[in-house]
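What follows is final-v4.pdb (PDB, C-alpha atoms and all ligand atoms).
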ATOM      1  CA  MET A   1       0.000   0.000   0.000
ATOM      2  CA  ASN A   2       2.846   2.303   0.827
ATOM      3  CA  PRO A   3       6.008   0.681  -0.462
ATOM      4  CA  ASP A   4       7.972   3.929  -0.476
ATOM      5  CA  PHE A   5       9.163   4.787   2.969
ATOM      6  CA  GLU A   6      10.659   8.106   3.984
ATOM      7  CA  PRO A   7      14.409   8.158   4.718
ATOM      8  CA  GLU A   8      13.679   8.841   8.397
ATOM      9  CA  VAL A   9      11.654   5.615   8.545
ATOM     10  CA  LEU A  10      14.473   3.602   6.955
ATOM     11  CA  GLU A  11      16.926   5.133   9.374
ATOM     12  CA  PHE A  12      14.729   4.536  12.398
ATOM     13  CA  ARG A  13      14.198   0.905  11.429
ATOM     14  CA  ASP A  14      17.952   0.373  11.115
ATOM     15  CA  ARG A  15      18.496   1.939  14.513
ATOM     16  CA  LEU A  16      15.883  -0.344  16.050
ATOM     17  CA  GLU A  17      17.591  -3.330  14.485
ATOM     18  CA  LYS A  18      21.024  -2.343  15.710
ATOM     19  CA  GLU A  19      19.776  -1.755  19.254
ATOM     20  CA  ALA A  20      17.801  -4.993  19.192
ATOM     21  CA  GLU A  21      20.812  -7.060  18.151
ATOM     22  CA  GLU A  22      23.009  -5.397  20.767
ATOM     23  CA  GLY A  23      20.527  -6.354  23.459
ATOM     24  CA  GLY A  24      20.013  -9.931  22.265
ATOM     25  CA  TYR A  25      16.700  -9.217  20.473
ATOM     26  CA  HIS A  26      15.833  -9.550  16.797
ATOM     27  CA  LEU A  27      13.655  -7.652  14.351
ATOM     28  CA  ASN A  28      11.211  -9.560  12.204
ATOM     29  CA  PRO A  29      12.957 -10.646   8.963
ATOM     30  CA  ASP A  30       9.821  -9.449   7.095
ATOM     31  CA  ARG A  31      11.401  -6.092   6.237
ATOM     32  CA  GLU A  32       8.238  -4.550   4.835
ATOM     33  CA  MET A  33       6.438  -5.316   8.099
ATOM     34  CA  THR A  34       9.173  -3.744  10.217
ATOM     35  CA  LEU A  35       9.180  -0.641   7.998
ATOM     36  CA  MET A  36       5.420  -0.263   8.360
ATOM     37  CA  LEU A  37       5.770  -0.564  12.125
ATOM     38  CA  ALA A  38       8.713   1.840  12.279
ATOM     39  CA  GLU A  39       6.587   4.301  10.318
ATOM     40  CA  GLY A  40       3.675   3.753  12.739
ATOM     41  CA  LEU A  41       5.942   4.311  15.731
ATOM     42  CA  LEU A  42       7.199   7.604  14.307
ATOM     43  CA  VAL A  43       3.637   8.727  13.566
ATOM     44  CA  ASN A  44       2.722   7.953  17.169
ATOM     45  CA  ARG A  45       5.739   9.797  18.490
ATOM     46  CA  LYS A  46       4.648  12.891  16.581
ATOM     47  CA  ARG A  47       1.034  12.440  17.615
ATOM     48  CA  TYR A  48       1.459  11.598  21.319
ATOM     49  CA  GLY A  49       5.039  12.486  22.140
ATOM     50  CA  TYR A  50       6.047   8.912  22.904
ATOM     51  CA  LEU A  51       6.497   5.646  21.023
ATOM     52  CA  LEU A  52       3.042   4.189  21.576
ATOM     53  CA  CYS A  53       2.714   0.618  20.307
ATOM     54  CA  PRO A  54       1.490   0.958  16.694
ATOM     55  CA  CYS A  55      -0.965  -1.951  16.964
ATOM     56  CA  ARG A  56      -2.735  -0.832  20.100
ATOM     57  CA  MET A  57      -5.197   1.883  20.889
ATOM     58  CA  GLY A  58      -3.746   4.029  23.658
ATOM     59  CA  GLU A  59      -5.412   6.661  25.764
ATOM     60  CA  GLY A  60      -3.005   9.356  24.646
ATOM     61  CA  VAL A  61      -1.964  10.041  28.244
ATOM     62  CA  MET A  62       1.546   8.862  28.943
ATOM     63  CA  GLU A  63       0.995   7.568  32.495
ATOM     64  CA  ARG A  64      -1.880   5.389  31.317
ATOM     65  CA  ASP A  65      -0.016   4.111  28.264
ATOM     66  CA  LEU A  66       3.368   3.457  29.917
ATOM     67  CA  ASP A  67       3.138  -0.317  29.652
ATOM     68  CA  ILE A  68       2.505  -0.106  25.889
ATOM     69  CA  ILE A  69       5.347   2.233  24.991
ATOM     70  CA  CYS A  70       7.668   0.337  22.672
ATOM     71  CA  PRO A  71       9.259  -1.980  23.728
ATOM     72  CA  CYS A  72       6.159  -2.832  25.748
ATOM     73  CA  ASP A  73       6.032  -4.683  29.081
ATOM     74  CA  TYR A  74       4.630  -7.704  27.225
ATOM     75  CA  ARG A  75       7.274  -8.159  24.546
ATOM     76  CA  ASP A  76       9.520 -10.637  26.309
ATOM     77  CA  ALA A  77       6.692 -12.890  27.497
ATOM     78  CA  ASP A  78       5.222 -12.917  23.976
ATOM     79  CA  LEU A  79       8.605 -13.695  22.412
ATOM     80  CA  ASP A  80       8.870 -16.635  24.813
ATOM     81  CA  GLU A  81       5.431 -17.993  24.160
ATOM     82  CA  TYR A  82       4.789 -17.125  20.515
ATOM     83  CA  GLY A  83       8.159 -16.203  19.045
ATOM     84  CA  GLN A  84       6.886 -12.705  18.198
ATOM     85  CA  CYS A  85       5.755  -9.565  19.942
ATOM     86  CA  TYR A  86       2.155  -8.446  19.564
ATOM     87  CA  CYS A  87       2.967  -6.258  16.529
ATOM     88  CA  ALA A  88       5.529  -8.744  15.164
ATOM     89  CA  LEU A  89       8.214  -6.066  15.178
ATOM     90  CA  TYR A  90      10.405  -8.347  17.290
ATOM     91  CA  VAL A  91      10.806 -12.099  16.853
ATOM     92  CA  SER A  92      12.692 -14.828  18.684
ATOM     93  CA  ARG A  93      15.904 -16.389  17.400
ATOM     94  CA  GLU A  94      13.979 -19.498  16.351
ATOM     95  CA  VAL A  95      11.767 -17.423  14.093
ATOM     96  CA  LEU A  96      14.709 -15.439  12.751
ATOM     97  CA  GLU A  97      16.472 -18.676  11.835
ATOM     98  CA  GLY A  98      13.358 -20.093  10.193
ATOM     99  CA  LYS A  99      12.947 -22.884  12.749
ATOM    100  CA  ARG A 100       9.589 -21.558  13.794
ATOM    101  CA  GLU A 101       6.938 -19.983  11.628
ATOM    102  CA  ILE A 102       4.770 -17.034  12.531
ATOM    103  CA  LYS A 103       1.354 -17.250  10.959
ATOM    104  CA  GLY A 104      -0.639 -14.329  12.180
ATOM    105  CA  GLN A 105      -1.456 -12.088  15.033
ATOM    106  CA  ILE A 106      -1.161 -13.404  18.585
ATOM    107  CA  PRO A 107      -3.647 -12.821  21.416
ATOM    108  CA  GLU A 108      -3.451  -9.589  23.388
ATOM    109  CA  ARG A 109      -1.622 -10.159  26.682
ATOM    110  CA  ARG A 110      -2.203  -6.689  28.095
ATOM    111  CA  PRO A 111      -4.735  -6.939  30.927
ATOM    112  CA  GLU A 112      -7.954  -4.938  30.830
ATOM    113  CA  PRO A 113      -7.564  -1.499  32.483
ATOM    114  CA  GLU A 114      -9.195  -2.536  35.796
ATOM    115  CA  GLU A 115      -6.973  -5.619  36.021
ATOM    116  CA  LEU A 116      -3.954  -3.495  35.138
ATOM    117  CA  GLU A 117      -4.740  -1.072  37.952
ATOM    118  CA  ARG A 118      -5.191  -3.958  40.406
ATOM    119  CA  LYS A 119      -1.793  -5.394  39.434
ATOM    120  CA  ARG A 120      -0.129  -1.993  39.813
ATOM    121  CA  GLU A 121      -1.576  -1.609  43.294
ATOM    122  CA  GLU A 122      -0.560  -5.168  44.198
ATOM    123  CA  SER A 123       3.055  -4.588  43.232
ATOM    124  CA  ARG A 124       3.118  -1.264  45.105
ATOM    125  CA  ALA A 125       1.786  -3.033  48.214
ATOM    126  CA  LYS A 126       4.389  -5.796  47.892
ATOM    127  CA  ALA A 127       7.147  -3.242  47.570
ATOM    128  CA  ARG A 128       5.913  -1.411  50.676
ATOM    129  CA  ALA A 129       5.833  -4.675  52.651
ATOM    130  CA  GLY A 130       9.409  -5.555  51.626
ATOM    131  CA  ARG A 131      12.333  -5.852  54.029
ATOM    132  CA  GLU A 132      14.891  -4.135  51.802
ATOM    133  CA  SER A 133      16.963  -1.495  53.544
ATOM    134  CA  MET A 134      17.102   0.398  50.261
ATOM    135  CA  PRO A 135      14.555   0.409  47.429
ATOM    136  CA  LEU A 136      15.015  -2.255  44.811
ATOM    137  CA  TRP A 137      13.946  -1.235  41.315
ATOM    138  CA  ARG A 138      12.899  -3.554  38.524
ATOM    139  CA  CYS A 139      12.728  -2.652  34.843
ATOM    140  CA  LYS A 140       9.342  -3.912  33.702
ATOM    141  CA  VAL A 141      10.571  -4.307  30.138
ATOM    142  CA  CYS A 142      13.606  -6.562  30.635
ATOM    143  CA  GLY A 143      13.665  -7.494  34.340
ATOM    144  CA  TYR A 144      16.892  -5.649  35.212
ATOM    145  CA  LEU A 145      17.251  -5.003  38.954
ATOM    146  CA  ALA A 146      19.042  -2.191  40.752
ATOM    147  CA  ALA A 147      19.156  -1.325  44.466
ATOM    148  CA  ARG A 148      19.359   2.445  44.771
ATOM    149  CA  GLY A 149      17.388   5.451  45.957
ATOM    150  CA  ASN A 150      15.613   6.013  42.665
ATOM    151  CA  PRO A 151      15.469   4.117  39.394
ATOM    152  CA  PRO A 152      18.132   5.032  36.824
ATOM    153  CA  GLU A 153      17.227   7.544  34.128
ATOM    154  CA  VAL A 154      17.544   4.845  31.496
ATOM    155  CA  CYS A 155      17.697   1.071  31.916
ATOM    156  CA  PRO A 156      21.325   0.170  31.164
ATOM    157  CA  ILE A 157      20.195  -3.153  29.680
ATOM    158  CA  CYS A 158      17.240  -2.361  27.431
ATOM    159  CA  LYS A 159      17.252   1.462  27.350
ATOM    160  CA  ALA A 160      13.690   1.805  28.644
ATOM    161  CA  GLY A 161      13.143   5.068  30.514
ATOM    162  CA  ARG A 162      12.962   5.646  34.298
ATOM    163  CA  GLU A 163       9.157   5.632  34.252
ATOM    164  CA  ARG A 164       9.193   1.970  33.209
ATOM    165  CA  PHE A 165      10.675   0.853  36.553
ATOM    166  CA  GLU A 166       8.661  -0.490  39.468
ATOM    167  CA  GLN A 167       9.665  -0.939  43.074
ATOM    168  CA  PHE A 168      10.312  -4.589  43.768
ATOM    169  CA  SER A 169      10.709  -6.726  46.854
ATOM    170  CA  LEU A 170      12.372 -10.059  47.531
ATOM    171  CA  GLY A 171      10.854 -10.290  50.986
ATOM    172  CA  GLY A 172       7.493 -11.303  52.354
ATOM    173  CA  ASP A 173       6.136 -14.307  50.516
ATOM    174  CA  GLY A 174       8.782 -14.053  47.806
ATOM    175  CA  PRO A 175       9.079 -11.892  44.696
ATOM    176  CA  PRO A 176       6.073 -11.710  42.351
ATOM    177  CA  VAL A 177       8.316 -12.580  39.381
ATOM    178  CA  PRO A 178      11.011 -15.313  39.363
ATOM    179  CA  LEU A 179      14.660 -14.359  39.617
ATOM    180  CA  TRP A 180      17.083 -15.763  37.035
ATOM    181  CA  ARG A 181      20.834 -15.996  37.443
ATOM    182  CA  CYS A 182      23.324 -16.347  34.610
ATOM    183  CA  LYS A 183      25.623 -19.142  35.728
ATOM    184  CA  VAL A 184      28.407 -17.766  33.560
ATOM    185  CA  CYS A 185      28.646 -14.186  34.801
ATOM    186  CA  GLY A 186      26.186 -13.939  37.694
ATOM    187  CA  TYR A 187      23.819 -11.436  36.058
ATOM    188  CA  LEU A 188      20.406 -11.438  37.797
ATOM    189  CA  ALA A 189      17.061 -10.535  36.239
ATOM    190  CA  ALA A 190      13.495 -10.710  37.570
ATOM    191  CA  ARG A 191      11.262 -11.850  34.712
ATOM    192  CA  GLY A 192       8.948 -14.673  33.613
ATOM    193  CA  ASN A 193      11.673 -16.646  31.856
ATOM    194  CA  PRO A 194      15.424 -16.143  31.407
ATOM    195  CA  PRO A 195      16.397 -13.898  28.473
ATOM    196  CA  GLU A 196      17.350 -15.479  25.163
ATOM    197  CA  VAL A 197      20.891 -14.230  25.612
ATOM    198  CA  CYS A 198      22.598 -12.879  28.733
ATOM    199  CA  PRO A 199      22.851  -9.122  28.094
ATOM    200  CA  ILE A 200      26.162  -9.002  29.942
ATOM    201  CA  CYS A 201      28.193 -12.011  28.796
ATOM    202  CA  LYS A 202      26.061 -13.249  25.857
ATOM    203  CA  ALA A 203      25.715 -16.772  27.270
ATOM    204  CA  GLY A 204      22.556 -18.507  25.987
ATOM    205  CA  ARG A 205      19.278 -18.955  27.864
ATOM    206  CA  GLU A 206      20.208 -22.519  28.858
ATOM    207  CA  ARG A 207      22.996 -21.145  31.043
ATOM    208  CA  PHE A 208      20.501 -19.498  33.402
ATOM    209  CA  GLU A 209      19.172 -21.047  36.586
ATOM    210  CA  GLN A 210      16.335 -19.969  38.799
ATOM    211  CA  PHE A 211      17.822 -18.166  41.765
ATOM    212  CA  PRO A 212      16.752 -19.747  45.054
ATOM    213  CA  LEU A 213      15.586 -17.355  47.771
TER
ATOM    214  CA  MET B   1     -24.203   6.077  13.603
ATOM    215  CA  PHE B   2     -20.686   4.729  13.279
ATOM    216  CA  GLU B   3     -21.372   3.798   9.637
ATOM    217  CA  GLU B   4     -20.948   7.374   8.522
ATOM    218  CA  TYR B   5     -17.215   7.136   9.249
ATOM    219  CA  LEU B   6     -16.629   4.109   7.028
ATOM    220  CA  GLU B   7     -14.707   4.386   3.773
ATOM    221  CA  MET B   8     -15.796   2.184   0.895
ATOM    222  CA  VAL B   9     -13.336   0.097  -1.107
ATOM    223  CA  GLU B  10     -14.785  -1.343  -4.330
ATOM    224  CA  GLY B  11     -14.077  -4.921  -5.320
ATOM    225  CA  GLU B  12     -15.297  -7.543  -7.745
ATOM    226  CA  GLU B  13     -18.085  -9.726  -6.446
ATOM    227  CA  GLY B  14     -19.503  -9.064  -3.026
ATOM    228  CA  LYS B  15     -20.257 -12.402  -1.350
ATOM    229  CA  HIS B  16     -20.084 -10.825   2.064
ATOM    230  CA  ASP B  17     -20.664  -7.493   3.684
ATOM    231  CA  LEU B  18     -17.337  -6.658   5.326
ATOM    232  CA  ILE B  19     -16.423  -3.963   7.834
ATOM    233  CA  LEU B  20     -12.839  -3.598   8.988
ATOM    234  CA  PHE B  21     -12.001  -1.603  12.105
ATOM    235  CA  ALA B  22      -8.326  -0.747  11.944
ATOM    236  CA  LEU B  23      -5.521   1.516  13.150
ATOM    237  CA  SER B  24      -3.572   3.439  10.522
ATOM    238  CA  THR B  25      -0.257   2.649  12.256
ATOM    239  CA  CYS B  26      -0.713  -1.088  12.691
ATOM    240  CA  GLY B  27       1.142  -3.624  10.540
ATOM    241  CA  TRP B  28      -1.461  -6.374  10.934
ATOM    242  CA  CYS B  29      -4.197  -3.960   9.885
ATOM    243  CA  ARG B  30      -2.272  -3.203   6.718
ATOM    244  CA  LYS B  31      -1.838  -6.912   6.096
ATOM    245  CA  ALA B  32      -5.575  -7.372   6.528
ATOM    246  CA  ARG B  33      -6.297  -4.604   4.015
ATOM    247  CA  SER B  34      -3.758  -6.029   1.560
ATOM    248  CA  PHE B  35      -5.461  -9.401   1.814
ATOM    249  CA  LEU B  36      -8.868  -7.895   1.021
ATOM    250  CA  ASP B  37      -7.415  -5.742  -1.781
ATOM    251  CA  GLU B  38      -5.471  -8.589  -3.372
ATOM    252  CA  ASN B  39      -8.524 -10.802  -3.374
ATOM    253  CA  LYS B  40     -10.598  -7.949  -4.808
ATOM    254  CA  LEU B  41     -13.162  -8.152  -2.033
ATOM    255  CA  PRO B  42     -15.291  -5.064  -1.510
ATOM    256  CA  TYR B  43     -15.275  -3.765   2.054
ATOM    257  CA  ARG B  44     -15.754  -0.753   4.265
ATOM    258  CA  TYR B  45     -13.110   0.296   6.762
ATOM    259  CA  VAL B  46     -12.248   2.966   9.281
ATOM    260  CA  TYR B  47      -8.975   3.963  10.936
ATOM    261  CA  VAL B  48     -10.129   4.491  14.491
ATOM    262  CA  ASP B  49      -6.927   6.292  15.531
ATOM    263  CA  LEU B  50      -7.558   9.027  12.945
ATOM    264  CA  LEU B  51     -10.943   9.937  14.383
ATOM    265  CA  GLU B  52     -11.262  12.428  17.196
ATOM    266  CA  GLY B  53     -13.420  13.081  20.213
ATOM    267  CA  ASP B  54     -16.988  11.848  20.088
ATOM    268  CA  SER B  55     -16.718  10.232  16.668
ATOM    269  CA  GLN B  56     -13.799   8.137  17.909
ATOM    270  CA  LYS B  57     -15.742   7.189  21.026
ATOM    271  CA  GLU B  58     -18.725   6.173  18.991
ATOM    272  CA  VAL B  59     -16.739   3.918  16.677
ATOM    273  CA  PHE B  60     -14.688   2.486  19.536
ATOM    274  CA  GLU B  61     -17.935   1.532  21.316
ATOM    275  CA  GLU B  62     -18.897  -0.427  18.238
ATOM    276  CA  VAL B  63     -15.520  -2.209  18.240
ATOM    277  CA  LYS B  64     -16.031  -3.047  21.915
ATOM    278  CA  ARG B  65     -19.494  -4.422  21.208
ATOM    279  CA  ARG B  66     -18.162  -6.668  18.442
ATOM    280  CA  ASN B  67     -14.888  -7.636  20.085
ATOM    281  CA  PRO B  68     -14.777  -7.126  23.859
ATOM    282  CA  ARG B  69     -10.967  -7.263  23.810
ATOM    283  CA  LYS B  70     -11.031  -4.141  21.593
ATOM    284  CA  THR B  71      -8.102  -5.252  19.450
ATOM    285  CA  PHE B  72      -7.224  -4.291  15.878
ATOM    286  CA  PRO B  73      -7.930  -5.245  13.194
ATOM    287  CA  THR B  74     -11.480  -6.361  13.918
ATOM    288  CA  LEU B  75     -13.323  -7.705  10.891
ATOM    289  CA  VAL B  76     -17.122  -7.978  10.981
ATOM    290  CA  ILE B  77     -18.592 -10.336   8.392
ATOM    291  CA  ASP B  78     -22.247  -9.949   7.372
ATOM    292  CA  ASN B  79     -23.022  -8.116  10.584
ATOM    293  CA  GLU B  80     -22.563 -11.430  12.371
ATOM    294  CA  GLU B  81     -19.239 -13.223  12.484
ATOM    295  CA  VAL B  82     -16.200 -11.438  13.911
ATOM    296  CA  ILE B  83     -12.529 -12.161  13.279
ATOM    297  CA  ALA B  84     -10.321 -10.471  15.856
ATOM    298  CA  GLY B  85      -6.727 -10.057  14.753
ATOM    299  CA  PHE B  86      -5.293 -10.813  11.328
ATOM    300  CA  ASN B  87      -4.598 -14.410  10.460
ATOM    301  CA  GLU B  88      -4.364 -15.275   6.802
ATOM    302  CA  ASP B  89      -5.718 -18.819   7.223
ATOM    303  CA  LYS B  90      -8.765 -17.583   9.113
ATOM    304  CA  TYR B  91      -9.453 -14.856   6.568
ATOM    305  CA  ARG B  92      -9.075 -17.345   3.723
ATOM    306  CA  GLU B  93     -11.440 -19.828   5.285
ATOM    307  CA  ALA B  94     -14.115 -17.272   6.066
ATOM    308  CA  LEU B  95     -13.937 -15.159   2.921
ATOM    309  CA  LEU B  96     -12.739 -17.150  -0.100
TER
HETATM  310  S1  LIG C   1       7.481  -4.534  21.386
HETATM  311 FE1  LIG C   1       5.390  -4.194  22.098
HETATM  312  S2  LIG C   1       5.075  -2.039  21.696
HETATM  313 FE2  LIG C   1       6.825  -2.608  20.487
HETATM  314  S3  LIG C   1       6.001  -3.141  18.502
HETATM  315 FE3  LIG C   1       6.132  -5.029  19.697
HETATM  316  S4  LIG C   1       4.114  -5.252  20.632
HETATM  317 FE4  LIG C   1       4.253  -3.120  19.926
END

Have the structure of the file written as structure tokens, please.
Ligand code: SF4
Amino acid sequence: MNPDFEPEVLEFRDRLEKEAEEGGYHLNPDREMTLMLAEGLLVNRKRYGYLLCPCRMGEGVMERDLDIICPCDYRDADLDEYGQCYCALYVSREVLEGKREIKGQIPERRPEPEELERKREESRAKARAGRESMPLWRCKVCGYLAARGNPPEVCPICKAGRERFEQFSLGGDGPPVPLWRCKVCGYLAARGNPPEVCPICKAGRERFEQFPL
Amino acid sequence: MFEEYLEMVEGEEGKHDLILFALSTCGWCRKARSFLDENKLPYRYVYVDLLEGDSQKEVFEEVKRRNPRKTFPTLVIDNEEVIAGFNEDKYREALL
């Protein structure tokens, strides 16, 4: 429909690809699809001031759309389960290498707004009940953890902004998300499953173990 | 009525009455439109993200009614069947 993309779209797509590969993620090999999505992301940035997911309807208010700013909070879980993110901008290694096929759109993982609010409150309550002597911050995009007064301005692992961090606690009845440890370098991340590649030492997913608490 | 916001795309033979609710920025929505275009199926569509204020609300209500998960694209076939999300096999089976 729109096979001619503006130079800024081509450039933006290439930047996304470079950053993805550096972080152990992969863009969809369907180039046309990634260009359409890069174009959609840029349109949304102009329209809303942030990179709202191109395949979702946001509210246009940043605080309410935080979890669906690209890369969204659901990307990694969807890559694990389906080999693609909701928009199919990102795919897993298996898909990239042609060992797994993607055939269409996957179900929406984002909870309904009421459920989302309940989960936010739950994690705030858990963090308040924690025994940490200093706040522990978790990047909701990639699971990176840091113990410090405030979250960093930018996640050093996945580059998500400060507003994508949540306060996290290991105490009480255990963390709400499992902790994974890279057996090669000791990197720790709190997320559903270990990452495809260790962002620090590049060891594969199979080198991670669940960290006992 | 939300129908006033729909754009018409002509096609060859019209076996079904098709309405596509889409977002202008979404890759799957474009794939859905390409599928309909390539198979020369006539349809009506609307880009919900390009509407504003009350007209957007009105159309979004209709999407919600048809597909409670409110995802895009949502295809309504003959005012009856709904296909949420683009999947080429599902489109093929229902439309060709
Ligand atoms: S990572 Fe999430 S926000 Fe980004 S394109 Fe994929 S589904 Fe959309």

Give me, as a VMD selection string, the contact residues of chain B against chain A at a cut-off of 12 Å, counting only C-alpha atoms. chain B and resid 21 to 38 47 to 53 56 to 57 60 63 to 64 68 to 74 83 to 91

Could you spell out the hits of the PyMOL selection byres (((chain B and resi 44) around 8) and not hetatm) on the shown file, as a tab-separated table (two decimals) with C-alpha atoms, in the coordinates of the input?
chain	number	residue	atom	x	y	z
B	6	LEU	CA	-16.63	4.11	7.03
B	7	GLU	CA	-14.71	4.39	3.77
B	8	MET	CA	-15.80	2.18	0.90
B	9	VAL	CA	-13.34	0.10	-1.11
B	18	LEU	CA	-17.34	-6.66	5.33
B	19	ILE	CA	-16.42	-3.96	7.83
B	20	LEU	CA	-12.84	-3.60	8.99
B	42	PRO	CA	-15.29	-5.06	-1.51
B	43	TYR	CA	-15.28	-3.76	2.05
B	45	TYR	CA	-13.11	0.30	6.76
B	46	VAL	CA	-12.25	2.97	9.28

Set the distance at 9 Å and use all atoms listed in the file: which residues neighbour Cys142 in chain A once local chain neighbours fewer than 5 positions away are removed? I'd like the list as a ChimeraX atom specification. /A:73,75-76,155,157-158,160,189-191,195

Could you list the residues chosen by the PyMOL selection byres (((chain A and resi 186) around 12) and not hetatm) in this structure as a PyMOL selection string? chain A and resi 179-185+187-189+198-203+207-211

Please determine an axis-aligned box that encloses all atoms of range 50-56 of chain B listed in the file, with 4 Å added on each side, and express its centre and edge lengths in Å to one decimal as lines of an AutoDock Vina configuration file.
center_x = -12.3
center_y = 10.6
center_z = 16.6
size_x = 17.4
size_y = 12.9
size_z = 15.3

I need the residue set behind the PyMOL selection byres (((chain B and resi 79) around 10) and not hetatm) for this file; please write it as number ranges by chain. B: 16-19, 66, 75-78, 80-82

Just how far from CA of Arg162 in chain A is CA of Ala20 in chain A, in Å to one decimal? 19.1 Å

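Here CA of Val197 in chain A is placed at a distance of 22.9 Å from CA of Arg109 in chain A.
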
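In terms of minimum interatomic distance to ligand LIG 1 (chain C), A:Tyr25 ranks closest within A:Tyr25, A:Phe165, A:Trp137, A:Tyr48, counting all atoms listed in the file.
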